[in-house]
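So this one's protein.cif, mmCIF, C-alpha atoms; chains and numbers go by the auth columns:
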```
data_start
loop_
_atom_site.group_PDB
_atom_site.id
_atom_site.type_symbol
_atom_site.label_atom_id
_atom_site.label_comp_id
_atom_site.label_asym_id
_atom_site.label_seq_id
_atom_site.Cartn_x
_atom_site.Cartn_y
_atom_site.Cartn_z
_atom_site.B_iso_or_equiv
_atom_site.auth_seq_id
_atom_site.auth_asym_id
ATOM 1 C CA GLN A 1 85.887 126.690 106.612 0.00 1 Y
ATOM 2 C CA VAL A 2 89.376 125.299 107.009 0.00 2 Y
ATOM 3 C CA GLN A 3 91.668 125.681 104.025 0.00 3 Y
ATOM 4 C CA LEU A 4 95.277 124.788 103.298 0.00 4 Y
ATOM 5 C CA GLN A 5 97.332 126.509 100.619 0.00 5 Y
ATOM 6 C CA GLU A 6 100.784 125.554 99.394 0.00 6 Y
ATOM 7 C CA SER A 7 103.242 128.124 98.082 0.00 7 Y
ATOM 8 C CA GLY A 8 106.789 128.049 96.763 0.00 8 Y
ATOM 9 C CA PRO A 9 108.894 127.838 93.607 0.00 9 Y
ATOM 10 C CA GLY A 10 107.676 125.622 90.792 0.00 10 Y
ATOM 11 C CA LEU A 11 111.197 124.963 89.493 0.00 11 Y
ATOM 12 C CA VAL A 12 114.206 123.825 91.490 0.00 12 Y
ATOM 13 C CA ARG A 13 117.678 123.044 90.170 0.00 13 Y
ATOM 14 C CA PRO A 14 119.207 119.620 90.782 0.00 14 Y
ATOM 15 C CA SER A 15 121.207 119.381 94.039 0.00 15 Y
ATOM 16 C CA GLN A 16 119.422 122.451 95.445 0.00 16 Y
ATOM 17 C CA THR A 17 116.847 122.598 98.247 0.00 17 Y
ATOM 18 C CA LEU A 18 113.116 122.497 97.617 0.00 18 Y
ATOM 19 C CA SER A 19 111.260 124.833 99.991 0.00 19 Y
ATOM 20 C CA LEU A 20 107.479 124.981 100.334 0.00 20 Y
ATOM 21 C CA THR A 21 105.124 126.627 102.819 0.00 21 Y
ATOM 22 C CA CYS A 22 101.574 125.663 103.743 0.00 22 Y
ATOM 23 C CA THR A 23 99.312 128.404 105.090 0.00 23 Y
ATOM 24 C CA VAL A 24 96.357 127.230 107.153 0.00 24 Y
ATOM 25 C CA SER A 25 93.247 129.379 107.399 0.00 25 Y
ATOM 26 C CA GLY A 26 90.090 128.771 109.393 0.00 26 Y
ATOM 27 C CA ALA A 27 91.820 126.689 112.069 0.00 27 Y
ATOM 28 C CA SER A 28 94.767 127.021 114.401 0.00 28 Y
ATOM 29 C CA LEU A 29 97.839 124.861 114.103 0.00 29 Y
ATOM 30 C CA ARG A 30 97.435 124.423 117.862 0.00 30 Y
ATOM 31 C CA SER A 31 94.206 122.475 117.289 0.00 31 Y
ATOM 32 C CA GLY A 32 95.908 119.184 117.998 0.00 32 Y
ATOM 33 C CA ASN A 33 96.256 117.801 114.505 0.00 33 Y
ATOM 34 C CA PHE A 34 99.314 116.568 112.647 0.00 34 Y
ATOM 35 C CA TRP A 35 100.266 118.856 109.769 0.00 35 Y
ATOM 36 C CA THR A 36 101.541 116.770 106.907 0.00 36 Y
ATOM 37 C CA TRP A 37 103.312 116.841 103.562 0.00 37 Y
ATOM 38 C CA ILE A 38 102.451 114.299 100.863 0.00 38 Y
ATOM 39 C CA ARG A 39 103.616 114.181 97.256 0.00 39 Y
ATOM 40 C CA GLN A 40 102.187 112.679 94.087 0.00 40 Y
ATOM 41 C CA PHE A 41 104.554 111.540 91.384 0.00 41 Y
ATOM 42 C CA PRO A 42 103.800 111.997 87.667 0.00 42 Y
ATOM 43 C CA GLY A 43 102.820 108.335 87.428 0.00 43 Y
ATOM 44 C CA LYS A 44 100.088 109.117 90.058 0.00 44 Y
ATOM 45 C CA GLY A 45 101.574 107.260 93.056 0.00 45 Y
ATOM 46 C CA LEU A 46 101.331 109.003 96.458 0.00 46 Y
ATOM 47 C CA GLU A 47 104.141 109.188 99.018 0.00 47 Y
ATOM 48 C CA TRP A 48 103.861 110.368 102.621 0.00 48 Y
ATOM 49 C CA ILE A 49 106.757 112.731 103.426 0.00 49 Y
ATOM 50 C CA GLY A 50 106.231 113.560 107.073 0.00 50 Y
ATOM 51 C CA TYR A 51 104.383 115.681 109.591 0.00 51 Y
ATOM 52 C CA THR A 52 104.809 118.245 112.323 0.00 52 Y
ATOM 53 C CA TYR A 53 102.804 118.860 115.468 0.00 53 Y
ATOM 54 C CA HIS A 54 102.283 122.436 116.670 0.00 54 Y
ATOM 55 C CA THR A 55 104.926 121.896 119.345 0.00 55 Y
ATOM 56 C CA GLY A 56 107.511 121.331 116.637 0.00 56 Y
ATOM 57 C CA THR A 57 107.636 117.577 117.107 0.00 57 Y
ATOM 58 C CA THR A 58 108.199 115.961 113.728 0.00 58 Y
ATOM 59 C CA PHE A 59 108.134 112.530 112.159 0.00 59 Y
ATOM 60 C CA TYR A 60 109.554 111.756 108.755 0.00 60 Y
ATOM 61 C CA ASN A 61 109.358 109.012 106.166 0.00 61 Y
ATOM 62 C CA PRO A 62 112.468 106.924 106.890 0.00 62 Y
ATOM 63 C CA SER A 63 113.325 106.814 103.182 0.00 63 Y
ATOM 64 C CA LEU A 64 113.540 110.620 103.057 0.00 64 Y
ATOM 65 C CA LYS A 65 114.621 111.382 106.604 0.00 65 Y
ATOM 66 C CA SER A 66 118.191 112.402 105.783 0.00 66 Y
ATOM 67 C CA ARG A 67 117.003 115.135 103.382 0.00 67 Y
ATOM 68 C CA ILE A 68 113.892 116.537 105.099 0.00 68 Y
ATOM 69 C CA ILE A 69 113.162 119.298 107.546 0.00 69 Y
ATOM 70 C CA ILE A 70 109.561 120.144 108.399 0.00 70 Y
ATOM 71 C CA SER A 71 109.093 123.195 110.589 0.00 71 Y
ATOM 72 C CA VAL A 72 106.158 125.095 112.043 0.00 72 Y
ATOM 73 C CA ASP A 73 105.467 128.784 112.691 0.00 73 Y
ATOM 74 C CA VAL A 74 102.371 128.999 114.883 0.00 74 Y
ATOM 75 C CA SER A 75 102.439 132.815 114.871 0.00 75 Y
ATOM 76 C CA LYS A 76 101.876 132.772 111.119 0.00 76 Y
ATOM 77 C CA ASN A 77 99.776 129.599 111.173 0.00 77 Y
ATOM 78 C CA GLN A 78 102.149 128.053 108.649 0.00 78 Y
ATOM 79 C CA PHE A 79 104.278 124.962 108.339 0.00 79 Y
ATOM 80 C CA SER A 80 107.068 124.364 105.875 0.00 80 Y
ATOM 81 C CA LEU A 81 108.966 121.661 104.023 0.00 81 Y
ATOM 82 C CA ASN A 82 112.639 121.736 103.084 0.00 82 Y
ATOM 83 C CA LEU A 83 113.898 118.860 100.938 0.00 83 Y
ATOM 84 C CA SER A 84 117.602 119.019 100.197 0.00 84 Y
ATOM 85 C CA SER A 85 119.782 117.591 97.426 0.00 85 Y
ATOM 86 C CA VAL A 86 116.891 117.201 95.019 0.00 86 Y
ATOM 87 C CA THR A 87 117.032 115.190 91.808 0.00 87 Y
ATOM 88 C CA ALA A 88 114.621 114.705 88.937 0.00 88 Y
ATOM 89 C CA ALA A 89 113.054 111.894 90.974 0.00 89 Y
ATOM 90 C CA ASP A 90 111.710 114.543 93.358 0.00 90 Y
ATOM 91 C CA THR A 91 109.561 116.084 90.620 0.00 91 Y
ATOM 92 C CA ALA A 92 105.994 115.798 91.906 0.00 92 Y
ATOM 93 C CA VAL A 93 102.877 117.616 93.001 0.00 93 Y
ATOM 94 C CA TYR A 94 103.376 118.467 96.670 0.00 94 Y
ATOM 95 C CA TYR A 95 100.339 118.581 98.944 0.00 95 Y
ATOM 96 C CA CYS A 96 99.978 119.784 102.482 0.00 96 Y
ATOM 97 C CA ALA A 97 97.271 118.017 104.456 0.00 97 Y
ATOM 98 C CA ARG A 98 95.736 117.704 107.901 0.00 98 Y
ATOM 99 C CA ASP A 99 96.092 114.378 109.696 0.00 99 Y
ATOM 100 C CA VAL A 100 93.327 114.272 112.291 0.00 100 Y
ATOM 101 C CA TYR A 101 94.610 111.312 114.294 0.00 101 Y
ATOM 102 C CA GLY A 102 98.298 110.531 113.899 0.00 102 Y
ATOM 103 C CA PRO A 103 99.955 107.129 114.081 0.00 103 Y
ATOM 104 C CA PRO A 104 98.859 104.415 113.742 0.00 104 Y
ATOM 105 C CA GLY A 105 95.462 105.749 112.693 0.00 105 Y
ATOM 106 C CA ASN A 106 96.729 108.424 110.316 0.00 106 Y
ATOM 107 C CA ARG A 107 94.013 109.796 108.062 0.00 107 Y
ATOM 108 C CA PHE A 108 93.993 112.978 106.027 0.00 108 Y
ATOM 109 C CA ASP A 109 90.690 114.821 106.038 0.00 109 Y
ATOM 110 C CA LEU A 110 91.796 118.075 104.425 0.00 110 Y
ATOM 111 C CA TRP A 111 94.229 118.674 101.581 0.00 111 Y
ATOM 112 C CA GLY A 112 95.614 121.736 99.877 0.00 112 Y
ATOM 113 C CA GLN A 113 95.209 122.129 96.148 0.00 113 Y
ATOM 114 C CA GLY A 114 98.768 120.955 95.546 0.00 114 Y
ATOM 115 C CA THR A 115 101.713 122.626 93.868 0.00 115 Y
ATOM 116 C CA LEU A 116 103.801 121.151 91.065 0.00 116 Y
ATOM 117 C CA VAL A 117 107.533 121.244 91.670 0.00 117 Y
ATOM 118 C CA THR A 118 109.795 120.348 88.775 0.00 118 Y
ATOM 119 C CA VAL A 119 113.467 119.565 89.330 0.00 119 Y
ATOM 120 C CA SER A 120 115.402 120.514 86.239 0.00 120 Y
ATOM 121 C CA SER A 121 118.442 122.454 85.177 0.00 121 Y
ATOM 122 C CA GLN B 1 106.406 100.212 93.731 0.00 1 X
ATOM 123 C CA SER B 2 103.643 100.886 96.247 0.00 2 X
ATOM 124 C CA VAL B 3 103.407 98.951 99.505 0.00 3 X
ATOM 125 C CA LEU B 4 99.657 98.482 99.021 0.00 4 X
ATOM 126 C CA THR B 5 98.556 96.902 95.738 0.00 5 X
ATOM 127 C CA GLN B 6 95.542 98.143 93.790 0.00 6 X
ATOM 128 C CA PRO B 7 94.346 97.315 90.279 0.00 7 X
ATOM 129 C CA PRO B 8 95.393 100.060 87.845 0.00 8 X
ATOM 130 C CA SER B 9 91.878 100.538 86.515 0.00 9 X
ATOM 131 C CA VAL B 10 88.249 99.508 86.854 0.00 10 X
ATOM 132 C CA SER B 11 85.193 100.488 84.856 0.00 11 X
ATOM 133 C CA GLY B 12 81.442 100.199 84.971 0.00 12 X
ATOM 134 C CA ALA B 13 78.326 101.533 83.336 0.00 13 X
ATOM 135 C CA PRO B 14 76.164 104.189 84.993 0.00 14 X
ATOM 136 C CA GLY B 15 74.002 102.634 87.663 0.00 15 X
ATOM 137 C CA GLN B 16 76.209 99.576 88.029 0.00 16 X
ATOM 138 C CA GLY B 17 78.598 98.789 90.851 0.00 17 X
ATOM 139 C CA VAL B 18 82.356 98.244 91.067 0.00 18 X
ATOM 140 C CA THR B 19 84.770 97.079 93.740 0.00 19 X
ATOM 141 C CA ILE B 20 88.360 98.245 94.139 0.00 20 X
ATOM 142 C CA SER B 21 90.720 95.984 96.054 0.00 21 X
ATOM 143 C CA CYS B 22 93.708 96.967 98.182 0.00 22 X
ATOM 144 C CA THR B 23 96.141 94.228 99.164 0.00 23 X
ATOM 145 C CA GLY B 24 98.713 94.753 101.885 0.00 24 X
ATOM 146 C CA GLY B 25 100.601 92.491 104.231 0.00 25 X
ATOM 147 C CA THR B 26 101.146 91.479 107.813 0.00 26 X
ATOM 148 C CA SER B 27 102.996 94.707 108.601 0.00 27 X
ATOM 149 C CA ASN B 28 100.142 97.027 107.651 0.00 28 X
ATOM 150 C CA ILE B 29 96.536 96.013 106.933 0.00 29 X
ATOM 151 C CA GLY B 30 97.104 92.505 108.254 0.00 30 X
ATOM 152 C CA ALA B 31 98.449 93.950 111.499 0.00 31 X
ATOM 153 C CA GLY B 32 94.995 95.335 112.204 0.00 32 X
ATOM 154 C CA ASN B 33 95.663 98.902 111.113 0.00 33 X
ATOM 155 C CA ASP B 34 92.835 100.966 109.693 0.00 34 X
ATOM 156 C CA VAL B 35 92.423 101.516 105.972 0.00 35 X
ATOM 157 C CA ASN B 36 91.346 104.847 104.537 0.00 36 X
ATOM 158 C CA TRP B 37 90.202 105.561 101.006 0.00 37 X
ATOM 159 C CA TYR B 38 90.590 108.772 99.019 0.00 38 X
ATOM 160 C CA GLN B 39 88.911 109.986 95.851 0.00 39 X
ATOM 161 C CA HIS B 40 90.895 112.233 93.531 0.00 40 X
ATOM 162 C CA VAL B 41 88.935 113.707 90.660 0.00 41 X
ATOM 163 C CA PRO B 42 90.611 115.884 88.026 0.00 42 X
ATOM 164 C CA GLY B 43 91.019 119.480 89.077 0.00 43 X
ATOM 165 C CA ALA B 44 90.286 118.850 92.754 0.00 44 X
ATOM 166 C CA SER B 45 92.249 117.926 95.853 0.00 45 X
ATOM 167 C CA PRO B 46 92.097 114.380 97.168 0.00 46 X
ATOM 168 C CA ARG B 47 89.030 113.770 99.332 0.00 47 X
ATOM 169 C CA LEU B 48 88.765 111.411 102.301 0.00 48 X
ATOM 170 C CA LEU B 49 86.058 108.980 101.218 0.00 49 X
ATOM 171 C CA ILE B 50 86.207 106.164 103.779 0.00 50 X
ATOM 172 C CA SER B 51 87.739 106.580 107.223 0.00 51 X
ATOM 173 C CA ARG B 52 88.850 103.836 109.617 0.00 52 X
ATOM 174 C CA THR B 53 88.045 101.077 107.117 0.00 53 X
ATOM 175 C CA TYR B 54 84.242 101.331 107.280 0.00 54 X
ATOM 176 C CA ASN B 55 83.166 104.902 108.066 0.00 55 X
ATOM 177 C CA ARG B 56 81.913 107.572 105.706 0.00 56 X
ATOM 178 C CA PRO B 57 82.800 111.163 106.616 0.00 57 X
ATOM 179 C CA SER B 58 79.979 113.664 106.557 0.00 58 X
ATOM 180 C CA GLY B 59 78.830 114.390 103.021 0.00 59 X
ATOM 181 C CA VAL B 60 79.967 111.123 101.456 0.00 60 X
ATOM 182 C CA PRO B 61 77.040 109.273 99.839 0.00 61 X
ATOM 183 C CA ASP B 62 76.113 105.836 101.132 0.00 62 X
ATOM 184 C CA ARG B 63 76.862 104.479 97.659 0.00 63 X
ATOM 185 C CA PHE B 64 80.444 104.214 98.919 0.00 64 X
ATOM 186 C CA SER B 65 81.364 101.536 101.445 0.00 65 X
ATOM 187 C CA GLY B 66 84.527 99.977 102.803 0.00 66 X
ATOM 188 C CA SER B 67 85.367 96.529 104.078 0.00 67 X
ATOM 189 C CA LYS B 68 88.367 94.499 105.175 0.00 68 X
ATOM 190 C CA SER B 69 89.399 90.875 105.411 0.00 69 X
ATOM 191 C CA GLY B 70 92.801 89.780 106.620 0.00 70 X
ATOM 192 C CA ALA B 71 95.487 91.789 104.845 0.00 71 X
ATOM 193 C CA SER B 72 93.150 93.151 102.181 0.00 72 X
ATOM 194 C CA ALA B 73 90.540 95.874 102.012 0.00 73 X
ATOM 195 C CA SER B 74 87.931 96.831 99.464 0.00 74 X
ATOM 196 C CA LEU B 75 86.026 99.904 98.362 0.00 75 X
ATOM 197 C CA ALA B 76 82.604 99.254 96.861 0.00 76 X
ATOM 198 C CA ILE B 77 80.754 101.821 94.804 0.00 77 X
ATOM 199 C CA THR B 78 77.143 101.206 93.840 0.00 78 X
ATOM 200 C CA GLY B 79 74.908 103.142 91.478 0.00 79 X
ATOM 201 C CA LEU B 80 77.820 104.557 89.471 0.00 80 X
ATOM 202 C CA GLN B 81 77.515 108.153 88.365 0.00 81 X
ATOM 203 C CA ALA B 82 79.593 110.109 85.880 0.00 82 X
ATOM 204 C CA GLU B 83 80.904 112.297 88.725 0.00 83 X
ATOM 205 C CA ASP B 84 82.527 109.222 90.308 0.00 84 X
ATOM 206 C CA GLU B 85 85.213 109.124 87.601 0.00 85 X
ATOM 207 C CA GLY B 86 88.683 109.679 88.962 0.00 86 X
ATOM 208 C CA ASP B 87 91.467 108.012 90.879 0.00 87 X
ATOM 209 C CA TYR B 88 90.959 106.097 94.136 0.00 88 X
ATOM 210 C CA TYR B 89 93.696 105.400 96.675 0.00 89 X
ATOM 211 C CA CYS B 90 93.847 103.220 99.756 0.00 90 X
ATOM 212 C CA GLN B 91 96.084 104.159 102.685 0.00 91 X
ATOM 213 C CA SER B 92 97.173 102.514 105.906 0.00 92 X
ATOM 214 C CA TYR B 93 99.969 102.536 108.465 0.00 93 X
ATOM 215 C CA ASP B 94 102.943 100.215 108.315 0.00 94 X
ATOM 216 C CA ARG B 95 105.030 98.713 111.094 0.00 95 X
ATOM 217 C CA SER B 96 108.049 100.410 109.507 0.00 96 X
ATOM 218 C CA LEU B 97 106.593 103.593 111.065 0.00 97 X
ATOM 219 C CA THR B 98 105.398 104.863 107.734 0.00 98 X
ATOM 220 C CA VAL B 99 102.115 105.896 106.242 0.00 99 X
ATOM 221 C CA VAL B 100 101.638 103.828 103.085 0.00 100 X
ATOM 222 C CA PHE B 101 99.434 104.293 100.049 0.00 101 X
ATOM 223 C CA GLY B 102 98.223 102.105 97.230 0.00 102 X
ATOM 224 C CA GLY B 103 99.282 102.909 93.696 0.00 103 X
ATOM 225 C CA GLY B 104 95.823 104.193 92.820 0.00 104 X
ATOM 226 C CA THR B 105 92.972 102.875 90.689 0.00 105 X
ATOM 227 C CA THR B 106 91.423 104.852 87.856 0.00 106 X
ATOM 228 C CA LEU B 107 87.662 104.481 87.697 0.00 107 X
ATOM 229 C CA THR B 108 86.022 104.994 84.322 0.00 108 X
ATOM 230 C CA VAL B 109 82.261 105.315 84.069 0.00 109 X
ATOM 231 C CA LEU B 110 81.425 103.970 80.623 0.00 110 X
#
```
Would you mind giving the structure from this file in structure tokens?
Amino acid sequence: QVQLQESGPGLVRPSQTLSLTCTVSGASLRSGNFWTWIRQFPGKGLEWIGYTYHTGTTFYNPSLKSRIIISVDVSKNQFSLNLSSVTAADTAVYYCARDVYGPPGNRFDLWGQGTLVTVSS
Amino acid sequence: QSVLTQPPSVSGAPGQGVTISCTGGTSNIGAGNDVNWYQHVPGASPRLLISRTYNRPSGVPDRFSGSKSGASASLAITGLQAEDEGDYYCQSYDRSLTVVFGGGTTLTVL
């Protein structure tokens, strides 16, 4: 059974960098999927952040591109999100997910349980 | 403001049916891109409910069905059950090279 689990701090100070890791169990990152970060704002809207392939190839939401780095560590079967210069507007539940197809047929068949990150001083 | 527009809420009595609409534009749904639907019930992770506009992944009851016309898509749920309560989201791909979601629709089973 494939599972994804997010981990990282639940509180980040404004202007600092948000760092999260997703650990994948039951499947290899080399399985050909696109490993993705998605966030859900308090008002319930969802926003796609970006994805990485196991080779390290990445693609980011253009609106966030200047602040994002998504990286992959195949030896640990993990991928990570760094979002810099955070503000209160970045407060959200962050999900990691598996995209089984990629663009333009992106679809997310597995999600982690999500982790709430609050940006506050 | 979400790129795809959904009604904020819908409701129906047990056993009845409801339809949730998802309206996009010529750069996403209207460009022929697939629409996917997700169910998000309290306490659980989002679940892929409809894949590639019409297809149900394994384990999804046939009470759920998807359709599309032009730049809009719809999710139909028949035979409502209490366990269907939650939030429903549509998702597609946009010509701006972005995955886009609807704002979500809360389903209440009366």
Check what the PyMOL selection byres ((chain X and resi 47) around 10) selects in the file above and give those residues as a PDB file with C-alpha atoms, in the frame of the given file.
```pdb
ATOM      1  CA  PHE Y 108      93.993 112.978 106.027  1.00  0.00           C
ATOM      2  CA  ASP Y 109      90.690 114.821 106.038  1.00  0.00           C
ATOM      3  CA  LEU Y 110      91.796 118.075 104.425  1.00  0.00           C
ATOM      4  CA  TRP Y 111      94.229 118.674 101.581  1.00  0.00           C
TER       5      TRP Y 111
ATOM      6  CA  TRP X  37      90.202 105.561 101.006  1.00  0.00           C
ATOM      7  CA  TYR X  38      90.590 108.772  99.019  1.00  0.00           C
ATOM      8  CA  GLN X  39      88.911 109.986  95.851  1.00  0.00           C
ATOM      9  CA  HIS X  40      90.895 112.233  93.531  1.00  0.00           C
ATOM     10  CA  VAL X  41      88.935 113.707  90.660  1.00  0.00           C
ATOM     11  CA  ALA X  44      90.286 118.850  92.754  1.00  0.00           C
ATOM     12  CA  SER X  45      92.249 117.926  95.853  1.00  0.00           C
ATOM     13  CA  PRO X  46      92.097 114.380  97.168  1.00  0.00           C
ATOM     14  CA  LEU X  48      88.765 111.411 102.301  1.00  0.00           C
ATOM     15  CA  LEU X  49      86.058 108.980 101.218  1.00  0.00           C
ATOM     16  CA  ILE X  50      86.207 106.164 103.779  1.00  0.00           C
ATOM     17  CA  PRO X  57      82.800 111.163 106.616  1.00  0.00           C
ATOM     18  CA  VAL X  60      79.967 111.123 101.456  1.00  0.00           C
ATOM     19  CA  TYR X  88      90.959 106.097  94.136  1.00  0.00           C
ATOM     20  CA  TYR X  89      93.696 105.400  96.675  1.00  0.00           C
TER      21      TYR X  89
END
```
Expand the PyMOL selection byres ((chain Y) within 7 of (chain X)) into the individual residues it matches in the shown file, reporting them as a CSV table (one decimal) with C-alpha atoms, in the coordinates of the input.
```csv
chain,number,residue,atom,x,y,z
Y,45,GLY,CA,101.6,107.3,93.1
Y,46,LEU,CA,101.3,109.0,96.5
Y,47,GLU,CA,104.1,109.2,99.0
Y,48,TRP,CA,103.9,110.4,102.6
Y,61,ASN,CA,109.4,109.0,106.2
Y,104,PRO,CA,98.9,104.4,113.7
Y,105,GLY,CA,95.5,105.7,112.7
Y,106,ASN,CA,96.7,108.4,110.3
Y,107,ARG,CA,94.0,109.8,108.1
Y,108,PHE,CA,94.0,113.0,106.0
Y,109,ASP,CA,90.7,114.8,106.0
Y,111,TRP,CA,94.2,118.7,101.6
Y,112,GLY,CA,95.6,121.7,99.9
Y,113,GLN,CA,95.2,122.1,96.1
```
Of the candidates Y:Val72, Y:Val2, Y:Ala27, Y:Val12, which shows the shortest atom-to-atom distance to Ser85 (chain Y), using only C-alpha atoms?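 Using only C-alpha atoms, the shortest distance to Ser85 (chain Y) belongs to Y:Val12.
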Which of X:Gly59, X:Cys90, X:Gly79, X:Leu107 sits closest to Gln6 (chain X) [using only C-alpha atoms]: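 Nearest candidate to Gln6 (chain X) out of X:Gly59, X:Cys90, X:Gly79, X:Leu107: X:Cys90.
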For Asp90 (chain Y), which of Y:Leu11, Y:Ile49, Y:Val119, Y:Leu20 is the closest residue, counting only C-alpha atoms? Y:Val119
Give me the residues within 10 Å of Ser66 (chain Y) as a count of residues only, counting only C-alpha atoms and dropping any in the same chain fewer than 3 places off. 8
Do you have the CA of Val18 (chain X)-CA of Ile38 (chain Y) distance handy?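 Answer for the CA of Val18 (chain X) to CA of Ile38 (chain Y) separation: 27.5 Å.
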From (104.4, 115.8, 108.1), in the file's coordinates, out to 9 Å: which residues are reached, counting only C-alpha atoms? Answer as number ranges by chain. Y: 34-38, 48-53, 58-61, 70, 81, 96-99
Using only C-alpha atoms, please write the residues we just selected to a file, as a PDB file, in the frame of the given file.
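See out_30.pdb below for the written result:
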```pdb
ATOM      1  CA  PHE Y  34      99.314 116.568 112.647  1.00  0.00           C
ATOM      2  CA  TRP Y  35     100.266 118.856 109.769  1.00  0.00           C
ATOM      3  CA  THR Y  36     101.541 116.770 106.907  1.00  0.00           C
ATOM      4  CA  TRP Y  37     103.312 116.841 103.562  1.00  0.00           C
ATOM      5  CA  ILE Y  38     102.451 114.299 100.863  1.00  0.00           C
ATOM      6  CA  TRP Y  48     103.861 110.368 102.621  1.00  0.00           C
ATOM      7  CA  ILE Y  49     106.757 112.731 103.426  1.00  0.00           C
ATOM      8  CA  GLY Y  50     106.231 113.560 107.073  1.00  0.00           C
ATOM      9  CA  TYR Y  51     104.383 115.681 109.591  1.00  0.00           C
ATOM     10  CA  THR Y  52     104.809 118.245 112.323  1.00  0.00           C
ATOM     11  CA  TYR Y  53     102.804 118.860 115.468  1.00  0.00           C
ATOM     12  CA  THR Y  58     108.199 115.961 113.728  1.00  0.00           C
ATOM     13  CA  PHE Y  59     108.134 112.530 112.159  1.00  0.00           C
ATOM     14  CA  TYR Y  60     109.554 111.756 108.755  1.00  0.00           C
ATOM     15  CA  ASN Y  61     109.358 109.012 106.166  1.00  0.00           C
ATOM     16  CA  ILE Y  70     109.561 120.144 108.399  1.00  0.00           C
ATOM     17  CA  LEU Y  81     108.966 121.661 104.023  1.00  0.00           C
ATOM     18  CA  CYS Y  96      99.978 119.784 102.482  1.00  0.00           C
ATOM     19  CA  ALA Y  97      97.271 118.017 104.456  1.00  0.00           C
ATOM     20  CA  ARG Y  98      95.736 117.704 107.901  1.00  0.00           C
ATOM     21  CA  ASP Y  99      96.092 114.378 109.696  1.00  0.00           C
TER      22      ASP Y  99
END
```
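Here the PyMOL selection byres ((chain Y and resi 54) around 6) catches exactly these residues: Leu29, Arg30, Tyr53, Thr55 and Gly56 of chain Y.
Put simply, CA of Asn33 (chain Y) is 26.4 Å away from CA of Gly24 (chain X).
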Two-atom distance - CA of Glu6 (chain Y), CA of Leu64 (chain Y) (Å): 20.0 Å
Name all residues at most 10 Å from Arg13 (chain Y) (count all atoms listed in the file; drop same-chain ones fewer than 5 positions away) and give them as an MDAnalysis selection string. chainID Y and resid 18 85:88 118:121
Name the residues within 6 Å of (81.5, 102.9, 99.9), counting only C-alpha atoms in the file's coordinates, and put them as a list in words. Arg63, Phe64, Ser65, Gly66, Leu75, Ala76 and Ile77 of chain X
Compile the contact shell of Thr78 (chain X) as number ranges by chain: residues with an atom at most 12 Å away, counting only C-alpha atoms, same-chain residues fewer than 4 positions apart removed. X: 12-20, 61-66, 84, 109
List the neighbours of Tyr94 (chain Y) out to 8 Å using only C-alpha atoms; skip same-chain residues closer than 4 positions along the sequence, and give me the result as a ChimeraX atom specification. /Y:37-40,114-117
